[in-house]
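Before any comments, here is the structure.
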Amino acid sequence: MYNYKVQRLLNNLDKAYIGPVLPMKEWDTKIIPQTIKAILKKHGLMGTLDMENPINCDDDLADAFFKAGWELALELGMYCEDTERVIKITEDELLECIRDYQAVNILGEGQDQVIMKPRRPEDPYQPLVAASLGIVCSEENYLPLVQGIVKYPKLVDVLHGPTLATVFGRTFRSGTPYETLMGNYESHLKKEALWRAGRPGMACTGVAGAVTEYGHLGGAPELAGRGNVTMSLCPVELKCTFSNFHRIMQGLNYGHKLRVGAFSYIGGYAGPAEGAALACVANDLLIPTILQSDYTSSYVYDIQLFGNCGRKAVWANSVSIQAISRNTGFMRNKIVNETGGPCTEMFMYEAAVGLMNHSVSGASKTTQPRSAGGRYTDYITPVECWWSGDVFKSCAGMTRKDANEIAKKILPKYEEKLGAPDKGLPISECFDLVKQQPKDNYIELFNRVRNELIDLGMPLDKAFGETYMGKVSNGRRTIVL
Amino acid sequence: MAKEEILKRIAKLVAEGDEEEAVQAVKEGFAAGLDPLVILNEGAAKGMDIVSEQYSAGEAYLPELVLSGDTMSAVIEVIFANMSKEQAAASKQGVIVIGQAKGDVHDIGKNVVAALLSVNGFEVHDLGIDVTVKSFYDKAQEVGADIVAISTLLTTSLPYLEDTARYLTDTNTRNKYQLIVGGGPVTPEFAKKIGADGWARNAFDCVELCRKLVAKGNPGAGSTMIVDSEAV
């Protein structure tokens with residue numbers, strides 16, 4: 001009944017009670033920055049950030065980050081906030097994790113089942129797309145919005161879904177009984193939306209609105225088994241909490257796959273872009289080993305830009321993804337945090353650069369989009385989800401060199417606005433939820449930007465042809481959404 | 001050591017976050033006859049300018065900010081102990097209680113704000129993560145806060161910000177504390193809607209907001225001050 005993962009998880013939970021004691025402030029302000037700095041220096045990785053070439057094309061550099069990340073993972077381990085102790089691992093434990101790691105993750109069931117595989121840089125195997133991220137939407141919009149998000153099987157493989165603004169009209173607060181009820185309610189709505197969309201077997205990655213174990217516990221029974229996933233996000237790089245363990249235990253109890261992640265912040269405890277990249281590599285090694293994830297969901301985020309579509313974060317994500325892709329079979333979900341909102345050029349450009357980068361660097365899956373930075377209620381439509389699938393899948397098999405050249409052309413179109421991004425439009429002004437189609441203003445913008453990027457060399461017209469979403473309306477590349 | 005050298009050393013040590021040495025240098029300044037106000041404004045404050053600029057330029061990071069903020073707090077304590085009551089009162093930037101809203105453990109943005117506020121001379125009481133409404137209230141009462149600052153990255157923790165405003169109103173203490181709110185999903189519109197006293201776009205704007213609110217006084221008056229350096 002219980003597999004080896006449970007034993008390993010318990011061993012690591014035990015370590016949270018007997019590992020070295022350390023005040024959290026010392027971990028944050030001394031151990032993490034000093035160790036990262038020392039390892040970067042030892043491996044000659046200081047100053048390797050290349051602002052002129054945001055997508056790394058240097059295999060040796062990726063491998064050097066892998067070696068350094070391996071060393072960091074073994075030297076530090078993960079800090080448990082609840083016990084203020086460090087969960088350390090041995091090299092044997094890390095090697096065993098790599099040895100025993102599964103070849104694929106099978107998500108969903110029946111005709112909606114999809115297979116996640118490890119990918120190497122420039123891998124032609126199409127990665128998976130989960131949509132959306134947990135952006136808040138009105139309760140009355142939830143069903144038709146989710147139905148729209150999963151409309152095109154070629155573009156969206158897995159449902160994560162938006163976050164409900166209310167439950168039965170009531171505002172819900174995290175960590176309260178409202179959240180427990182919300183978990184169940186959201187899961188019911190997801191199943192209903194998938195049935196309406198004709199995709200009942202599609203996998204769900206847990207409860208989007210659940211930020212504590214309560215919401216997960218509320219929703220997990222409704223989504224038990226059938227290739228569904230429990231999500232558990234750590235507070236920051238190289239740290240975990242008992243809340244993480246709770247959610248993972250719940251996931252195992254209900255036969256879920258485990259998606260566990262921790263973000264690394266440029267400007268945060270790990271320091272510069274190189275430090276954040278290094279911490280991200282260590283995260284991707286430690287999380288499967290300590291928290292027994294089936295795949296990780298860690299990425300680099302730029303704390304000053306509130307996203308990861310600037311040059312520093314694009315580079316740090318590229319090198320850290322490639323480090324793991326080239327040297328292990330670990331599968332990873334890599335998120336792009338756009339800041340522009342729905343129906344803006346800015347969103348489409350940010351997603352294009354970020355997702356092209358993650359695709360060519362070897363990510364196995366993404367969860368998208370973060371329309372308008374996730375700040376506003378109802379600032380999400382299915383179109384951003386479709387666009388994410390279009391880009392992420394189309395770019396599979398591109399060379400990093402080509403991707404880098406295209407990224408260099410797109411970045412200047414939006415990077416100056418990252419401090420004050422375009423908010424865009426609420427769903428009511430650019431998408432018709434009844435017809436399940438974008439409005440004319442969004443169709444025009446979508447096709448214009450898509451064609452512009454095809455002209456720059458993005459292979460959007462090659463992966464699905466010109467009619468993946470409908471008929472060709474007037475000749476060459478204009479698609480009817 | 002010449003007085004100017006001592007001031008330069010204090011600035012450097014504050015910027016580097018060397019608490020022990022900085023406090024020692026301040027004491028050397030007193031021994032050399034430097035006025036506390038001069039030590040504060042031409043020594044310690046210069047140090048905070050240095051580290052703030054370095055952070056803004058991406059040359060210093062959160063750990064440096066935190067250590068520098070701790071050093072600034074220690075230095076200020078020594079300086080104020082050597083000032084007259086009037087001088088100390090005039091030099092105080094304000095007392096801030098800050099924390100991450102209930103249900104939210106994503107505190108890195110809040111930590112940047114708390115560190116920058118400390119670096120800039122505010123007395124900061126950081127309650128950490130997953131802070132209940134009552135904890136904000138109790139701490140504010142305990143330390144005589146000027147400002148209660150609540151952050152969240154999660155939309156599901158937003159209601160706690162409104163709950164805090166309501167709790168202060170219901171306990172007749174809303175006019176004692178400037179309530180400011182921030183974090184990913186917290187917009188100026190939301191801040192206005194819940195009757196917060198202030199909202200700032202980023203950590204640097206938050207320092208300016210706090211300075212302005214402390215100078216303005218009259219918390220809970222119904223207006224929301226917005227500081228947005230990115231506004232066109």
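Chain identifiers are assigned as A, B, and so on, following the order in which chains appear in the structure tokens; residues are numbered from 1 within each chain, and ligands are numbered from 1 in order of appearance.
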Write out as a PDB file with N, CA and C atoms, in the first residue's frame which residues come within 10 Å of range 179-185 of chain B when counting only C-alpha atoms, dropping same-chain ones fewer than 5 positions away.
ATOM      1  N   ILE A 135      -5.138  32.894 -10.784  1.00  0.00           N
ATOM      2  CA  ILE A 135      -5.565  34.295 -10.833  1.00  0.00           C
ATOM      3  C   ILE A 135      -7.045  34.375 -10.440  1.00  0.00           C
ATOM      4  N   VAL A 136      -7.380  35.395  -9.687  1.00  0.00           N
ATOM      5  CA  VAL A 136      -8.731  35.456  -9.118  1.00  0.00           C
ATOM      6  C   VAL A 136      -9.776  35.769 -10.184  1.00  0.00           C
ATOM      7  N   PHE A 306       9.071  42.152  -9.986  1.00  0.00           N
ATOM      8  CA  PHE A 306       7.824  41.433  -9.682  1.00  0.00           C
ATOM      9  C   PHE A 306       7.461  40.443 -10.804  1.00  0.00           C
ATOM     10  N   ALA A 372      -1.408  40.005 -16.084  1.00  0.00           N
ATOM     11  CA  ALA A 372      -1.400  41.214 -15.239  1.00  0.00           C
ATOM     12  C   ALA A 372      -0.728  40.947 -13.891  1.00  0.00           C
ATOM     13  N   GLY A 373       0.218  40.010 -13.898  1.00  0.00           N
ATOM     14  CA  GLY A 373       0.939  39.697 -12.669  1.00  0.00           C
ATOM     15  C   GLY A 373       0.059  39.065 -11.599  1.00  0.00           C
ATOM     16  N   GLY A 374      -1.155  38.655 -11.988  1.00  0.00           N
ATOM     17  CA  GLY A 374      -2.065  38.048 -11.011  1.00  0.00           C
ATOM     18  C   GLY A 374      -2.616  39.032  -9.999  1.00  0.00           C
ATOM     19  N   ARG A 375      -2.591  40.325 -10.323  1.00  0.00           N
ATOM     20  CA  ARG A 375      -2.971  41.339  -9.331  1.00  0.00           C
ATOM     21  C   ARG A 375      -4.465  41.630  -9.281  1.00  0.00           C
ATOM     22  N   TYR A 376      -5.154  41.426 -10.401  1.00  0.00           N
ATOM     23  CA  TYR A 376      -6.519  41.958 -10.486  1.00  0.00           C
ATOM     24  C   TYR A 376      -7.546  40.854 -10.739  1.00  0.00           C
ATOM     25  N   THR A 377      -8.696  41.020 -10.126  1.00  0.00           N
ATOM     26  CA  THR A 377      -9.773  40.052 -10.320  1.00  0.00           C
ATOM     27  C   THR A 377     -10.323  40.150 -11.742  1.00  0.00           C
TER      28      THR A 377
ATOM     29  N   ILE B  96       7.134  51.307  13.506  1.00  0.00           N
ATOM     30  CA  ILE B  96       6.321  50.550  12.543  1.00  0.00           C
ATOM     31  C   ILE B  96       6.183  49.090  12.974  1.00  0.00           C
ATOM     32  N   VAL B  97       4.958  48.612  12.981  1.00  0.00           N
ATOM     33  CA  VAL B  97       4.699  47.184  13.175  1.00  0.00           C
ATOM     34  C   VAL B  97       4.372  46.610  11.803  1.00  0.00           C
ATOM     35  N   ILE B  98       5.131  45.604  11.401  1.00  0.00           N
ATOM     36  CA  ILE B  98       4.965  45.074  10.044  1.00  0.00           C
ATOM     37  C   ILE B  98       4.839  43.546  10.103  1.00  0.00           C
ATOM     38  N   GLN B 100       3.372  39.757   7.654  1.00  0.00           N
ATOM     39  CA  GLN B 100       2.688  39.120   6.524  1.00  0.00           C
ATOM     40  C   GLN B 100       1.323  38.644   7.013  1.00  0.00           C
ATOM     41  N   ALA B 101       0.302  38.919   6.251  1.00  0.00           N
ATOM     42  CA  ALA B 101      -1.063  38.618   6.677  1.00  0.00           C
ATOM     43  C   ALA B 101      -1.262  37.139   6.997  1.00  0.00           C
ATOM     44  N   HIS B 106       4.705  33.874   2.316  1.00  0.00           N
ATOM     45  CA  HIS B 106       5.619  34.394   1.283  1.00  0.00           C
ATOM     46  C   HIS B 106       6.098  35.784   1.707  1.00  0.00           C
ATOM     47  N   ASP B 107       7.175  35.836   2.464  1.00  0.00           N
ATOM     48  CA  ASP B 107       7.508  37.096   3.121  1.00  0.00           C
ATOM     49  C   ASP B 107       8.708  37.823   2.546  1.00  0.00           C
ATOM     50  N   GLY B 109       9.178  39.846   0.010  1.00  0.00           N
ATOM     51  CA  GLY B 109       8.925  41.253  -0.313  1.00  0.00           C
ATOM     52  C   GLY B 109       8.789  42.078   0.947  1.00  0.00           C
ATOM     53  N   LYS B 110       8.061  41.533   1.913  1.00  0.00           N
ATOM     54  CA  LYS B 110       7.908  42.220   3.211  1.00  0.00           C
ATOM     55  C   LYS B 110       9.264  42.391   3.890  1.00  0.00           C
ATOM     56  N   VAL B 113      11.043  45.335   2.483  1.00  0.00           N
ATOM     57  CA  VAL B 113      10.465  46.590   2.993  1.00  0.00           C
ATOM     58  C   VAL B 113      10.920  46.828   4.439  1.00  0.00           C
ATOM     59  N   ASP B 146       3.369  53.974  15.237  1.00  0.00           N
ATOM     60  CA  ASP B 146       2.801  55.029  14.394  1.00  0.00           C
ATOM     61  C   ASP B 146       2.099  54.409  13.199  1.00  0.00           C
ATOM     62  N   ILE B 147       2.696  53.319  12.710  1.00  0.00           N
ATOM     63  CA  ILE B 147       2.205  52.711  11.472  1.00  0.00           C
ATOM     64  C   ILE B 147       2.049  51.201  11.652  1.00  0.00           C
ATOM     65  N   VAL B 148       0.949  50.665  11.133  1.00  0.00           N
ATOM     66  CA  VAL B 148       0.786  49.215  11.034  1.00  0.00           C
ATOM     67  C   VAL B 148       0.850  48.879   9.543  1.00  0.00           C
ATOM     68  N   ALA B 149       1.806  48.053   9.164  1.00  0.00           N
ATOM     69  CA  ALA B 149       2.030  47.741   7.747  1.00  0.00           C
ATOM     70  C   ALA B 149       1.774  46.252   7.502  1.00  0.00           C
ATOM     71  N   ILE B 150       0.849  45.956   6.606  1.00  0.00           N
ATOM     72  CA  ILE B 150       0.498  44.554   6.338  1.00  0.00           C
ATOM     73  C   ILE B 150       0.727  44.242   4.867  1.00  0.00           C
ATOM     74  N   SER B 151       1.360  43.111   4.647  1.00  0.00           N
ATOM     75  CA  SER B 151       1.657  42.703   3.276  1.00  0.00           C
ATOM     76  C   SER B 151       1.062  41.328   2.995  1.00  0.00           C
ATOM     77  N   THR B 152       0.671  41.118   1.758  1.00  0.00           N
ATOM     78  CA  THR B 152       0.332  39.757   1.341  1.00  0.00           C
ATOM     79  C   THR B 152       0.581  39.572  -0.144  1.00  0.00           C
ATOM     80  N   LEU B 153       0.963  38.353  -0.481  1.00  0.00           N
ATOM     81  CA  LEU B 153       1.140  37.981  -1.882  1.00  0.00           C
ATOM     82  C   LEU B 153      -0.076  37.202  -2.366  1.00  0.00           C
ATOM     83  N   LEU B 154      -0.954  36.867  -1.444  1.00  0.00           N
ATOM     84  CA  LEU B 154      -2.056  35.953  -1.768  1.00  0.00           C
ATOM     85  C   LEU B 154      -3.403  36.655  -1.762  1.00  0.00           C
ATOM     86  N   THR B 155      -4.155  36.416  -2.807  1.00  0.00           N
ATOM     87  CA  THR B 155      -5.495  37.011  -2.852  1.00  0.00           C
ATOM     88  C   THR B 155      -6.367  36.470  -1.723  1.00  0.00           C
ATOM     89  N   THR B 156      -6.098  35.232  -1.303  1.00  0.00           N
ATOM     90  CA  THR B 156      -6.923  34.634  -0.250  1.00  0.00           C
ATOM     91  C   THR B 156      -6.586  35.195   1.131  1.00  0.00           C
ATOM     92  N   SER B 157      -5.543  35.984   1.220  1.00  0.00           N
ATOM     93  CA  SER B 157      -5.240  36.642   2.494  1.00  0.00           C
ATOM     94  C   SER B 157      -5.658  38.111   2.475  1.00  0.00           C
ATOM     95  N   LEU B 158      -6.104  38.595   1.331  1.00  0.00           N
ATOM     96  CA  LEU B 158      -6.551  39.997   1.256  1.00  0.00           C
ATOM     97  C   LEU B 158      -7.638  40.333   2.281  1.00  0.00           C
ATOM     98  N   LEU B 161      -6.632  41.994   5.508  1.00  0.00           N
ATOM     99  CA  LEU B 161      -6.258  43.407   5.532  1.00  0.00           C
ATOM    100  C   LEU B 161      -7.478  44.252   5.889  1.00  0.00           C
ATOM    101  N   GLU B 162      -8.585  43.892   5.281  1.00  0.00           N
ATOM    102  CA  GLU B 162      -9.840  44.594   5.578  1.00  0.00           C
ATOM    103  C   GLU B 162     -10.267  44.303   7.019  1.00  0.00           C
ATOM    104  N   THR B 164      -8.351  43.794   9.497  1.00  0.00           N
ATOM    105  CA  THR B 164      -7.518  44.589  10.410  1.00  0.00           C
ATOM    106  C   THR B 164      -8.060  46.008  10.524  1.00  0.00           C
ATOM    107  N   ALA B 165      -8.403  46.592   9.374  1.00  0.00           N
ATOM    108  CA  ALA B 165      -8.976  47.949   9.392  1.00  0.00           C
ATOM    109  C   ALA B 165     -10.253  47.956  10.239  1.00  0.00           C
ATOM    110  N   LEU B 168      -9.495  47.636  14.014  1.00  0.00           N
ATOM    111  CA  LEU B 168      -9.026  48.900  14.598  1.00  0.00           C
ATOM    112  C   LEU B 168     -10.198  49.854  14.808  1.00  0.00           C
ATOM    113  N   ARG B 174      -8.605  53.127  15.475  1.00  0.00           N
ATOM    114  CA  ARG B 174      -8.258  53.410  14.079  1.00  0.00           C
ATOM    115  C   ARG B 174      -7.531  54.742  13.938  1.00  0.00           C
ATOM    116  N   PHE B 190      -7.725  48.770  -4.014  1.00  0.00           N
ATOM    117  CA  PHE B 190      -8.066  47.946  -2.852  1.00  0.00           C
ATOM    118  C   PHE B 190      -7.758  48.714  -1.558  1.00  0.00           C
ATOM    119  N   ALA B 191      -6.603  49.379  -1.546  1.00  0.00           N
ATOM    120  CA  ALA B 191      -6.216  50.144  -0.350  1.00  0.00           C
ATOM    121  C   ALA B 191      -7.279  51.201  -0.034  1.00  0.00           C
ATOM    122  N   ILE B 194     -10.629  49.624   1.385  1.00  0.00           N
ATOM    123  CA  ILE B 194     -10.676  49.192   2.792  1.00  0.00           C
ATOM    124  C   ILE B 194     -10.354  50.344   3.748  1.00  0.00           C
ATOM    125  N   GLY B 195     -10.121  51.533   3.186  1.00  0.00           N
ATOM    126  CA  GLY B 195      -9.863  52.697   4.038  1.00  0.00           C
ATOM    127  C   GLY B 195      -8.470  52.724   4.632  1.00  0.00           C
ATOM    128  N   ALA B 196      -7.504  52.122   3.925  1.00  0.00           N
ATOM    129  CA  ALA B 196      -6.112  52.179   4.399  1.00  0.00           C
ATOM    130  C   ALA B 196      -5.585  53.605   4.266  1.00  0.00           C
ATOM    131  N   ASP B 197      -4.573  53.930   5.059  1.00  0.00           N
ATOM    132  CA  ASP B 197      -4.008  55.276   4.991  1.00  0.00           C
ATOM    133  C   ASP B 197      -2.978  55.415   3.878  1.00  0.00           C
ATOM    134  N   GLY B 198      -2.434  54.284   3.417  1.00  0.00           N
ATOM    135  CA  GLY B 198      -1.416  54.421   2.389  1.00  0.00           C
ATOM    136  C   GLY B 198      -1.132  53.154   1.615  1.00  0.00           C
ATOM    137  N   TRP B 199      -0.589  53.364   0.410  1.00  0.00           N
ATOM    138  CA  TRP B 199      -0.156  52.273  -0.470  1.00  0.00           C
ATOM    139  C   TRP B 199       1.058  52.774  -1.232  1.00  0.00           C
ATOM    140  N   ALA B 200       2.046  51.911  -1.433  1.00  0.00           N
ATOM    141  CA  ALA B 200       3.230  52.283  -2.212  1.00  0.00           C
ATOM    142  C   ALA B 200       3.535  51.187  -3.211  1.00  0.00           C
ATOM    143  N   ARG B 201       4.101  51.594  -4.362  1.00  0.00           N
ATOM    144  CA  ARG B 201       4.341  50.607  -5.417  1.00  0.00           C
ATOM    145  C   ARG B 201       5.439  49.616  -5.040  1.00  0.00           C
ATOM    146  N   ASN B 202       6.526  50.124  -4.436  1.00  0.00           N
ATOM    147  CA  ASN B 202       7.644  49.227  -4.139  1.00  0.00           C
ATOM    148  C   ASN B 202       8.265  49.606  -2.799  1.00  0.00           C
ATOM    149  N   ALA B 203       9.339  48.923  -2.438  1.00  0.00           N
ATOM    150  CA  ALA B 203       9.928  49.108  -1.111  1.00  0.00           C
ATOM    151  C   ALA B 203      10.460  50.524  -0.916  1.00  0.00           C
ATOM    152  N   CYS B 206       7.735  52.838  -0.337  1.00  0.00           N
ATOM    153  CA  CYS B 206       7.154  52.615   0.992  1.00  0.00           C
ATOM    154  C   CYS B 206       7.885  53.440   2.051  1.00  0.00           C
ATOM    155  N   LEU B 209       6.535  56.823   1.687  1.00  0.00           N
ATOM    156  CA  LEU B 209       5.158  56.850   2.194  1.00  0.00           C
ATOM    157  C   LEU B 209       5.151  56.948   3.720  1.00  0.00           C
ATOM    158  N   CYS B 210       5.974  56.140   4.361  1.00  0.00           N
ATOM    159  CA  CYS B 210       5.997  56.142   5.826  1.00  0.00           C
ATOM    160  C   CYS B 210       6.467  57.490   6.366  1.00  0.00           C
ATOM    161  N   LEU B 213       3.548  59.903   5.948  1.00  0.00           N
ATOM    162  CA  LEU B 213       2.410  59.640   6.839  1.00  0.00           C
ATOM    163  C   LEU B 213       2.734  60.045   8.275  1.00  0.00           C
ATOM    164  N   PRO B 219      -4.114  59.732  11.488  1.00  0.00           N
ATOM    165  CA  PRO B 219      -4.451  58.452  10.835  1.00  0.00           C
ATOM    166  C   PRO B 219      -5.946  58.161  10.845  1.00  0.00           C
ATOM    167  N   GLY B 220      -6.345  57.320   9.908  1.00  0.00           N
ATOM    168  CA  GLY B 220      -7.745  56.889   9.854  1.00  0.00           C
ATOM    169  C   GLY B 220      -8.695  57.981   9.435  1.00  0.00           C
ATOM    170  N   THR B 224      -6.474  58.002   1.349  1.00  0.00           N
ATOM    171  CA  THR B 224      -5.400  57.025   1.129  1.00  0.00           C
ATOM    172  C   THR B 224      -4.273  57.694   0.353  1.00  0.00           C
ATOM    173  N   MET B 225      -3.100  57.747   0.968  1.00  0.00           N
ATOM    174  CA  MET B 225      -1.955  58.364   0.294  1.00  0.00           C
ATOM    175  C   MET B 225      -1.302  57.318  -0.613  1.00  0.00           C
ATOM    176  N   ILE B 226      -1.073  57.683  -1.865  1.00  0.00           N
ATOM    177  CA  ILE B 226      -0.450  56.772  -2.829  1.00  0.00           C
ATOM    178  C   ILE B 226       0.941  57.299  -3.180  1.00  0.00           C
TER     179      ILE B 226
END
Within 8 Å of chain B, which residues of chain A show up when using only C-alpha atoms, listed as number ranges by chain? A: 28-30, 33, 136, 171-175, 209, 211-212, 235-236, 267-269, 271-272, 303, 306, 373-376, 419-420
Convert the current residue selection to file output with N, CA and C atoms, as a PDB file, in the first residue's frame.
ATOM      1  N   ASP A  28      19.260  32.800   6.857  1.00  0.00           N
ATOM      2  CA  ASP A  28      18.903  33.747   5.796  1.00  0.00           C
ATOM      3  C   ASP A  28      20.029  34.728   5.456  1.00  0.00           C
ATOM      4  N   THR A  29      20.638  35.283   6.493  1.00  0.00           N
ATOM      5  CA  THR A  29      21.553  36.404   6.235  1.00  0.00           C
ATOM      6  C   THR A  29      23.028  36.013   6.203  1.00  0.00           C
ATOM      7  N   LYS A  30      23.326  34.808   6.685  1.00  0.00           N
ATOM      8  CA  LYS A  30      24.743  34.404   6.668  1.00  0.00           C
ATOM      9  C   LYS A  30      24.976  33.106   5.896  1.00  0.00           C
ATOM     10  N   PRO A  33      23.665  33.314   1.909  1.00  0.00           N
ATOM     11  CA  PRO A  33      24.470  34.170   1.009  1.00  0.00           C
ATOM     12  C   PRO A  33      25.944  33.816   0.987  1.00  0.00           C
ATOM     13  N   VAL A 136      -7.380  35.395  -9.687  1.00  0.00           N
ATOM     14  CA  VAL A 136      -8.731  35.456  -9.118  1.00  0.00           C
ATOM     15  C   VAL A 136      -9.776  35.769 -10.184  1.00  0.00           C
ATOM     16  N   THR A 171     -16.666  35.990   0.847  1.00  0.00           N
ATOM     17  CA  THR A 171     -15.220  36.097   0.747  1.00  0.00           C
ATOM     18  C   THR A 171     -14.598  35.023   1.623  1.00  0.00           C
ATOM     19  N   PHE A 172     -13.610  34.302   1.110  1.00  0.00           N
ATOM     20  CA  PHE A 172     -13.003  33.293   1.979  1.00  0.00           C
ATOM     21  C   PHE A 172     -11.586  33.689   2.366  1.00  0.00           C
ATOM     22  N   ARG A 173     -11.238  33.296   3.566  1.00  0.00           N
ATOM     23  CA  ARG A 173      -9.941  33.650   4.135  1.00  0.00           C
ATOM     24  C   ARG A 173      -9.087  32.386   4.223  1.00  0.00           C
ATOM     25  N   SER A 174      -7.808  32.537   3.839  1.00  0.00           N
ATOM     26  CA  SER A 174      -6.945  31.359   3.865  1.00  0.00           C
ATOM     27  C   SER A 174      -6.749  30.864   5.296  1.00  0.00           C
ATOM     28  N   GLY A 175      -6.634  29.550   5.416  1.00  0.00           N
ATOM     29  CA  GLY A 175      -6.383  28.949   6.724  1.00  0.00           C
ATOM     30  C   GLY A 175      -7.605  28.869   7.616  1.00  0.00           C
ATOM     31  N   GLY A 209      -6.969  27.602  -5.356  1.00  0.00           N
ATOM     32  CA  GLY A 209      -7.176  28.591  -4.290  1.00  0.00           C
ATOM     33  C   GLY A 209      -6.644  28.155  -2.941  1.00  0.00           C
ATOM     34  N   VAL A 211      -4.069  27.793  -0.377  1.00  0.00           N
ATOM     35  CA  VAL A 211      -2.713  28.229  -0.038  1.00  0.00           C
ATOM     36  C   VAL A 211      -2.234  27.557   1.235  1.00  0.00           C
ATOM     37  N   THR A 212      -3.127  26.884   1.926  1.00  0.00           N
ATOM     38  CA  THR A 212      -2.696  26.100   3.087  1.00  0.00           C
ATOM     39  C   THR A 212      -3.184  24.668   2.885  1.00  0.00           C
ATOM     40  N   PRO A 235       8.158  28.169   0.966  1.00  0.00           N
ATOM     41  CA  PRO A 235       8.128  29.631   1.081  1.00  0.00           C
ATOM     42  C   PRO A 235       9.197  30.341   0.258  1.00  0.00           C
ATOM     43  N   VAL A 236      10.365  29.745   0.142  1.00  0.00           N
ATOM     44  CA  VAL A 236      11.475  30.386  -0.567  1.00  0.00           C
ATOM     45  C   VAL A 236      12.508  29.303  -0.866  1.00  0.00           C
ATOM     46  N   GLY A 267      18.053  39.169  -6.108  1.00  0.00           N
ATOM     47  CA  GLY A 267      17.924  40.288  -5.166  1.00  0.00           C
ATOM     48  C   GLY A 267      17.522  39.830  -3.780  1.00  0.00           C
ATOM     49  N   GLY A 268      17.180  38.550  -3.649  1.00  0.00           N
ATOM     50  CA  GLY A 268      16.787  38.012  -2.342  1.00  0.00           C
ATOM     51  C   GLY A 268      17.981  37.424  -1.611  1.00  0.00           C
ATOM     52  N   TYR A 269      17.739  36.362  -0.847  1.00  0.00           N
ATOM     53  CA  TYR A 269      18.807  35.789  -0.033  1.00  0.00           C
ATOM     54  C   TYR A 269      19.934  35.212  -0.884  1.00  0.00           C
ATOM     55  N   GLY A 271      21.045  36.425  -3.625  1.00  0.00           N
ATOM     56  CA  GLY A 271      21.850  37.496  -4.192  1.00  0.00           C
ATOM     57  C   GLY A 271      21.615  37.750  -5.661  1.00  0.00           C
ATOM     58  N   PRO A 272      22.686  37.745  -6.463  1.00  0.00           N
ATOM     59  CA  PRO A 272      22.571  38.132  -7.872  1.00  0.00           C
ATOM     60  C   PRO A 272      21.942  37.023  -8.728  1.00  0.00           C
ATOM     61  N   ILE A 303      12.978  39.955  -7.904  1.00  0.00           N
ATOM     62  CA  ILE A 303      12.215  40.621  -6.849  1.00  0.00           C
ATOM     63  C   ILE A 303      11.976  42.106  -7.157  1.00  0.00           C
ATOM     64  N   PHE A 306       9.071  42.152  -9.986  1.00  0.00           N
ATOM     65  CA  PHE A 306       7.824  41.433  -9.682  1.00  0.00           C
ATOM     66  C   PHE A 306       7.461  40.443 -10.804  1.00  0.00           C
ATOM     67  N   GLY A 373       0.218  40.010 -13.898  1.00  0.00           N
ATOM     68  CA  GLY A 373       0.939  39.697 -12.669  1.00  0.00           C
ATOM     69  C   GLY A 373       0.059  39.065 -11.599  1.00  0.00           C
ATOM     70  N   GLY A 374      -1.155  38.655 -11.988  1.00  0.00           N
ATOM     71  CA  GLY A 374      -2.065  38.048 -11.011  1.00  0.00           C
ATOM     72  C   GLY A 374      -2.616  39.032  -9.999  1.00  0.00           C
ATOM     73  N   ARG A 375      -2.591  40.325 -10.323  1.00  0.00           N
ATOM     74  CA  ARG A 375      -2.971  41.339  -9.331  1.00  0.00           C
ATOM     75  C   ARG A 375      -4.465  41.630  -9.281  1.00  0.00           C
ATOM     76  N   TYR A 376      -5.154  41.426 -10.401  1.00  0.00           N
ATOM     77  CA  TYR A 376      -6.519  41.958 -10.486  1.00  0.00           C
ATOM     78  C   TYR A 376      -7.546  40.854 -10.739  1.00  0.00           C
ATOM     79  N   GLY A 419       8.610  47.851 -15.024  1.00  0.00           N
ATOM     80  CA  GLY A 419       8.345  48.501 -13.739  1.00  0.00           C
ATOM     81  C   GLY A 419       6.910  48.954 -13.597  1.00  0.00           C
ATOM     82  N   ALA A 420       6.268  49.267 -14.688  1.00  0.00           N
ATOM     83  CA  ALA A 420       4.870  49.725 -14.679  1.00  0.00           C
ATOM     84  C   ALA A 420       4.168  49.108 -15.881  1.00  0.00           C
TER      85      ALA A 420
END
Output as a list in words all residues of range 10-186 of chain B that backbone DSSP marks as strand (DSSP E).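 Listing strand (DSSP E) positions across range 10-186 of chain B yields Val95, Ile96, Val97, Ile98, Gly99, Gln100, Glu123, Val124, His125, Asp126, Ile147, Val148, Ala149, Ile150, Ser151, Gln178, Leu179, Ile180, Val181 and Gly182 of chain B.
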I'd like the neighbourhood of Ser132 in chain A as a list of chain:residue names, where a residue qualifies if any of its atoms comes within 8 Å (using only C-alpha atoms), though same-chain residues fewer than 5 positions away should be ignored. A:Ile149, A:Leu159, A:His160, A:Gly161, A:Pro162, A:Thr367, A:Gln368, A:Pro369, A:Arg370, A:Cys385
Please extract the residues of range 302-449 of chain A with a backbone DSSP assignment of alpha helix (DSSP H) and present them as number ranges by chain. A: 311-327, 345-361, 382-394, 400-410, 440-449
